[in-house]
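Participant: Pasting in a structure now, in structure tokens, and then I'll have a few things to ask.
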Amino acid sequence: MISDRYPPSSRRGVGPSGPEAVPRPLSVADKVSHVLAYFTEWLARYGETSWDHQSFFAGPVGRRAKSLYYWNHLLGTAAVAPIIFFEGFVPSARKLFHHPIRFPIADAHYAMGFAFLYETTSDSAHLERAVHFLNALRESRCIQFKEYCWGYPFDWVTRNGVIKKQTPLITTTPYVYEAFLQVYEIFEQKKSEGEPLTLALSPSSKGRGDSLIEPASTWKQILESIARHAAVDIKDFRTSNTASSCSYTPFDGGGVINAAAYRAFLLTSASQVLSKGDYWRIAERNLNFVLETQNPDGSWFYAVDGVRDFVDHYHTCFVMKALAKIHALTGHEACLEALSKGVNYYLKNLFDGDGLPKPFSKAPRLTVYKRELYDSAECINLCLLLRDRFPQLQTTLRTVIEGILQNWIKPDGSFRSRRLHFGWDNVPMHRWGQAQMFRSLAYYLSETSKTEKLKAASGCVEPTARRETLKTEAEAAALKS
């Protein structure tokens with residue numbers, strides 16, 4: 001339990017006979033800061049490659065079985081059944097099917113998470129780690145494309161065929177865009193304040209080949225390249241007079257709703273950051289596609305192909321996060337209207353009786369798990385983006401974070417990956433929840449810190465004694481003791 005792992009802190013109080021130590025229970029933010037400190041230690045030990053929830057199907061045996069399933073359902077079911085058994089009952093068997101690999105989407109989330117920690121603590125060690133992951137992303141781009149873009153490092157078998165590794169995905173590249181933008185803006189802000197940032201090599205980073213003093217102009221060039229890729233390499237498909245879906249990769253026919261949402265956000269942001277009005281015109285048609293495909297009950301199917309008409313938790317979050325960000329950037333009223341209906345559906349249909357995320361509103365197939373770390377991470381992100389506009393999400397946010405703190409932290413500092421029907425999937429997977437949860441909790445800590453600073457500045461409350469969290473590795477070690 002979290003209370004066993006992190007004992008209460010103390011504050012000084014005044015009793016009848018003089019000063020005495022009075023225990024002060026840890027706040028949720030305090031607990032989160034402890035968890036993040038331990039997680040960063042775990043990450044340094046474990047390394048930056050991992051297995052994945054797709055590891056069962058990323059190797060030759062799994063790929064053949066999954067391909068057969070899509071080609072011939074009866075024969076394919078027999079082929080994948082043993083693999084599904086392993087997934088549900090022996091998740092560590094992933095090592096028999098594939099090997100640990102590095103995921104750009106995870107690196108992007110880690111970069112953003114460490115950037116949030118830097119914004120909270122001003123500890124340059126966190127910014128150094130963020131820059132390290134940006135440099136890793138520069139190395140892992142899809143090199144066969146002129147512009148910067150990213151995909152999966154394995155051949156992904158889908159019902160529409162195999163998406164070869166290093167094929168750009170519009171569901172991955174926007175996260176990298178956000179990571180570069182977040183760190184770029186940190187450097188630019190410090191420069192505008194007359195305090196340009198310089199980063200010295202730490203002992204932990206020596207020998208990794210990181211360029212720690214990275215010119216912000218280079219990052220802006222990368223942002224420009226990413227935007228060109230999203231605008232040109234990803235294709236549009238007209239769906240109405242005002243709307244277009246977009247391709248998932250540069251080579252498919254479109255129709256996936258969250259893909260259009262991702263692209264709409266990226267190009268909306270780029271239209272403002274890079275002063276490119278043409279990007280907004282493309283983004284607006286993708287945005288209208290997302291708005292037009294919302295169901296009357298407020299939900300969104302995964303795709304409009306009449307086959308993938310399920311409603312699940314994290315894809316719903318992807319769509320609504322994009323709408324929330326676009327509304328924040330533009331004030332687009334239709335986004336807010338769609339979000340109002342979407343939040344209502346989301347809270348009524350994608351949570352269980354305990355108020356925790358459930359994977360599907362109605363499962364389209366047999367699932368081997370009850371809960372996903374990924375769902376909780378995306379729920380936290382969505383609640384942080386929308387809680388000011390939809391206050392009911394504040395309760396959801398607290399419930400989900402407390403659920404994570406109570407049940408999902410492993411003794412080594414990492415997170416559990418899935419709650420299975422029988423037991424847990426404890427295999428750490430950077431892409432499938434570790435990086436996303438790290439980023440979402442760091443985002444929560446950053447937002448909490450900002451709120452407290454605003455309250456303190458306005459005289460509403462006194463700042464609490466302990467707010468300078470995660471200052472140094474030494475402090476993290478002291479917290480553990």
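In the structure tokens, chains take letters A, B, ... by order of appearance, with residues numbered from 1 within each chain and ligands from 1 in the order shown.
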Which of range 169-406 of chain A counts as strand (DSSP E or B) under DSSP, as a list in words please?
Facilitator: Asp236, Phe237, Arg238, Ser244, Ser245, Cys246, Val256, Ala303, Asp312, Phe351, Pro357, Phe360, Tyr369, Lys370, Arg371 and Glu372 of chain A
Participant: I want to know what sits within 8 Å of Ser446 in chain A, based on only C-alpha atoms, with residues of the same chain fewer than 2 positions away left out; could you give that as a list in words?
Facilitator: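 Close residues of Ser446 in chain A: Phe116, Leu117, Glu119, Thr120, Ala442, Tyr443, Tyr444, Thr448, Ser449 and Lys450 of chain A.
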Participant: Those residues you just picked out, can you put them in a file as a PDB file, in the first residue's frame with C-alpha atoms?
Facilitator:
ATOM      1  CA  PHE A 116       7.238  18.722 -16.744  1.00  0.00           C
ATOM      2  CA  LEU A 117       9.475  17.759 -13.828  1.00  0.00           C
ATOM      3  CA  GLU A 119       9.081  23.026 -14.975  1.00  0.00           C
ATOM      4  CA  THR A 120       8.026  21.942 -11.485  1.00  0.00           C
ATOM      5  CA  ALA A 442       4.482  14.505 -14.056  1.00  0.00           C
ATOM      6  CA  TYR A 443       1.842  16.627 -15.811  1.00  0.00           C
ATOM      7  CA  TYR A 444      -0.391  16.340 -12.740  1.00  0.00           C
ATOM      8  CA  THR A 448      -0.737  21.124  -9.067  1.00  0.00           C
ATOM      9  CA  SER A 449       2.403  23.172  -8.492  1.00  0.00           C
ATOM     10  CA  LYS A 450       1.141  25.948 -10.768  1.00  0.00           C
TER      11      LYS A 450
END
Participant: Can you list, as a ChimeraX atom specification, every protein, DNA or RNA residue that comes within 12 Å of Trp219 in chain A when you count only C-alpha atoms, leaving out same-chain residues fewer than 5 positions away?
Facilitator: /A:131,134-135,137-138,148,176-188,213-214,224-226
Participant: Nearest to Ser271 in chain A among A:Trp300, A:Asp252, A:Ala230, A:Pro391, with distances taken over only C-alpha atoms: which residue is it?
Facilitator: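 Among the listed residues, the smallest separation from Ser271 in chain A belongs to A:Ala230.
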Participant: Could you make a table, as CSV, of the residues of range 98-175 of chain A that have an atom within 12 Å of an atom of range 80-94 of chain A, each with its nearest atom pair and distance in Å to one decimal, counting only C-alpha atoms, in chain and number order?
Facilitator:
residue,atom,partner,partner_atom,distance
A:His98,CA,A:Arg94,CA,6.4
A:His99,CA,A:Arg94,CA,8.1
A:Pro100,CA,A:Arg94,CA,9.5
Participant: Go through A:Ile234, A:Met112, A:Val162, A:Ala259 and flag the residue nearest Phe57 in chain A, using only C-alpha atoms for the distances.
Facilitator: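 When distances to Phe57 in chain A are compared using only C-alpha atoms, the smallest one comes from A:Val162.
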Participant: Any idea what the distance is between CA of Ala227 in chain A and CA of Asn286 in chain A?
Facilitator: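 That distance, rounded to one decimal, is 14.7 Å.
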Participant: Enter the distance from CA of Gly255 in chain A to CA of Ala243 in chain A, in Å, rounded to one decimal.
Facilitator: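 Pair CA of Gly255 in chain A / CA of Ala243 in chain A returns 11.7 Å.
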Participant: Find the nearest atom pair between each residue of range 150-234 of chain A and range 317-340 of chain A for residues within 12 Å, count only C-alpha atoms, give distances in Å to one decimal, sort rows by chain and ascending number, and present the table as a tab-separated table.
Facilitator:
residue	atom	partner	partner_atom	distance
A:Thr171	CA	A:Phe318	CA	9.3
A:Thr172	CA	A:Phe318	CA	11.6
A:Pro174	CA	A:Ala322	CA	10.4
A:Tyr175	CA	A:Phe318	CA	11.3
A:Glu178	CA	A:Lys325	CA	11.5
Participant: Give me a file of those residues, with C-alpha atoms, as a CSV table (one decimal), in the first residue's frame.
Facilitator:
chain,number,residue,atom,x,y,z
A,171,THR,CA,-0.8,8.5,-34.2
A,172,THR,CA,2.9,8.5,-33.2
A,174,PRO,CA,2.2,14.2,-33.0
A,175,TYR,CA,3.6,13.1,-29.7
A,178,GLU,CA,4.7,17.9,-28.7
Participant: Would you kindly return, as a list of chain:residue names, each protein, DNA or RNA residue with an atom no farther than 9 Å from any atom of Ile401 in chain A, considering only C-alpha atoms and excluding same-chain residues fewer than 6 positions away?
Facilitator: A:Val28, A:Val32, A:Ser376, A:Ala377, A:Ile380, A:Leu441
Participant: Output N, CA and C atoms for every residue in the selection just made, as a compact mmCIF listing (two decimals), in the first residue's frame.
Facilitator:
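Once everything was written out, this is part35.txt:
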# COMPACT_ATOMS: atom_id res chain seq x y z
N VAL A 28 -1.92 14.03 -2.07
CA VAL A 28 -1.81 13.24 -3.30
C VAL A 28 -0.59 13.69 -4.10
N VAL A 32 2.53 11.42 -5.34
CA VAL A 32 2.92 11.37 -6.75
C VAL A 32 4.40 11.71 -6.91
N SER A 376 -5.75 4.39 -17.72
CA SER A 376 -5.67 5.32 -16.59
C SER A 376 -4.79 6.51 -16.91
N ALA A 377 -3.67 6.27 -17.62
CA ALA A 377 -2.78 7.37 -17.99
C ALA A 377 -3.50 8.38 -18.87
N ILE A 380 -6.10 10.41 -16.90
CA ILE A 380 -5.50 11.50 -16.13
C ILE A 380 -5.19 12.69 -17.04
N LEU A 441 1.51 11.61 -14.70
CA LEU A 441 1.72 11.98 -13.30
C LEU A 441 2.63 13.20 -13.18
Participant: Need to verify the contact set: Arg102 in chain A, 10 Å, only C-alpha atoms, exclusion of same-chain residues closer than 5 positions in sequence. Can you return it as an MDAnalysis selection string?
Facilitator: chainID A and resid 47:52 107 136 140 152:154 430:431
Participant: Leaving out Ser245 in chain A and any residue of its chain fewer than 3 positions from it, which residues lie within 10 Å of it when counting only C-alpha atoms, given as a PyMOL selection string?
Facilitator: chain A and resi 235-240+248+253-261+263-264+285-290+304
Participant: Identify all residues of range 370-470 of chain A in helix (DSSP H, G or I) (DSSP on the backbone) and supply them as a VMD selection string.
Facilitator: chain A and resid 373 to 386 392 to 407 430 to 458
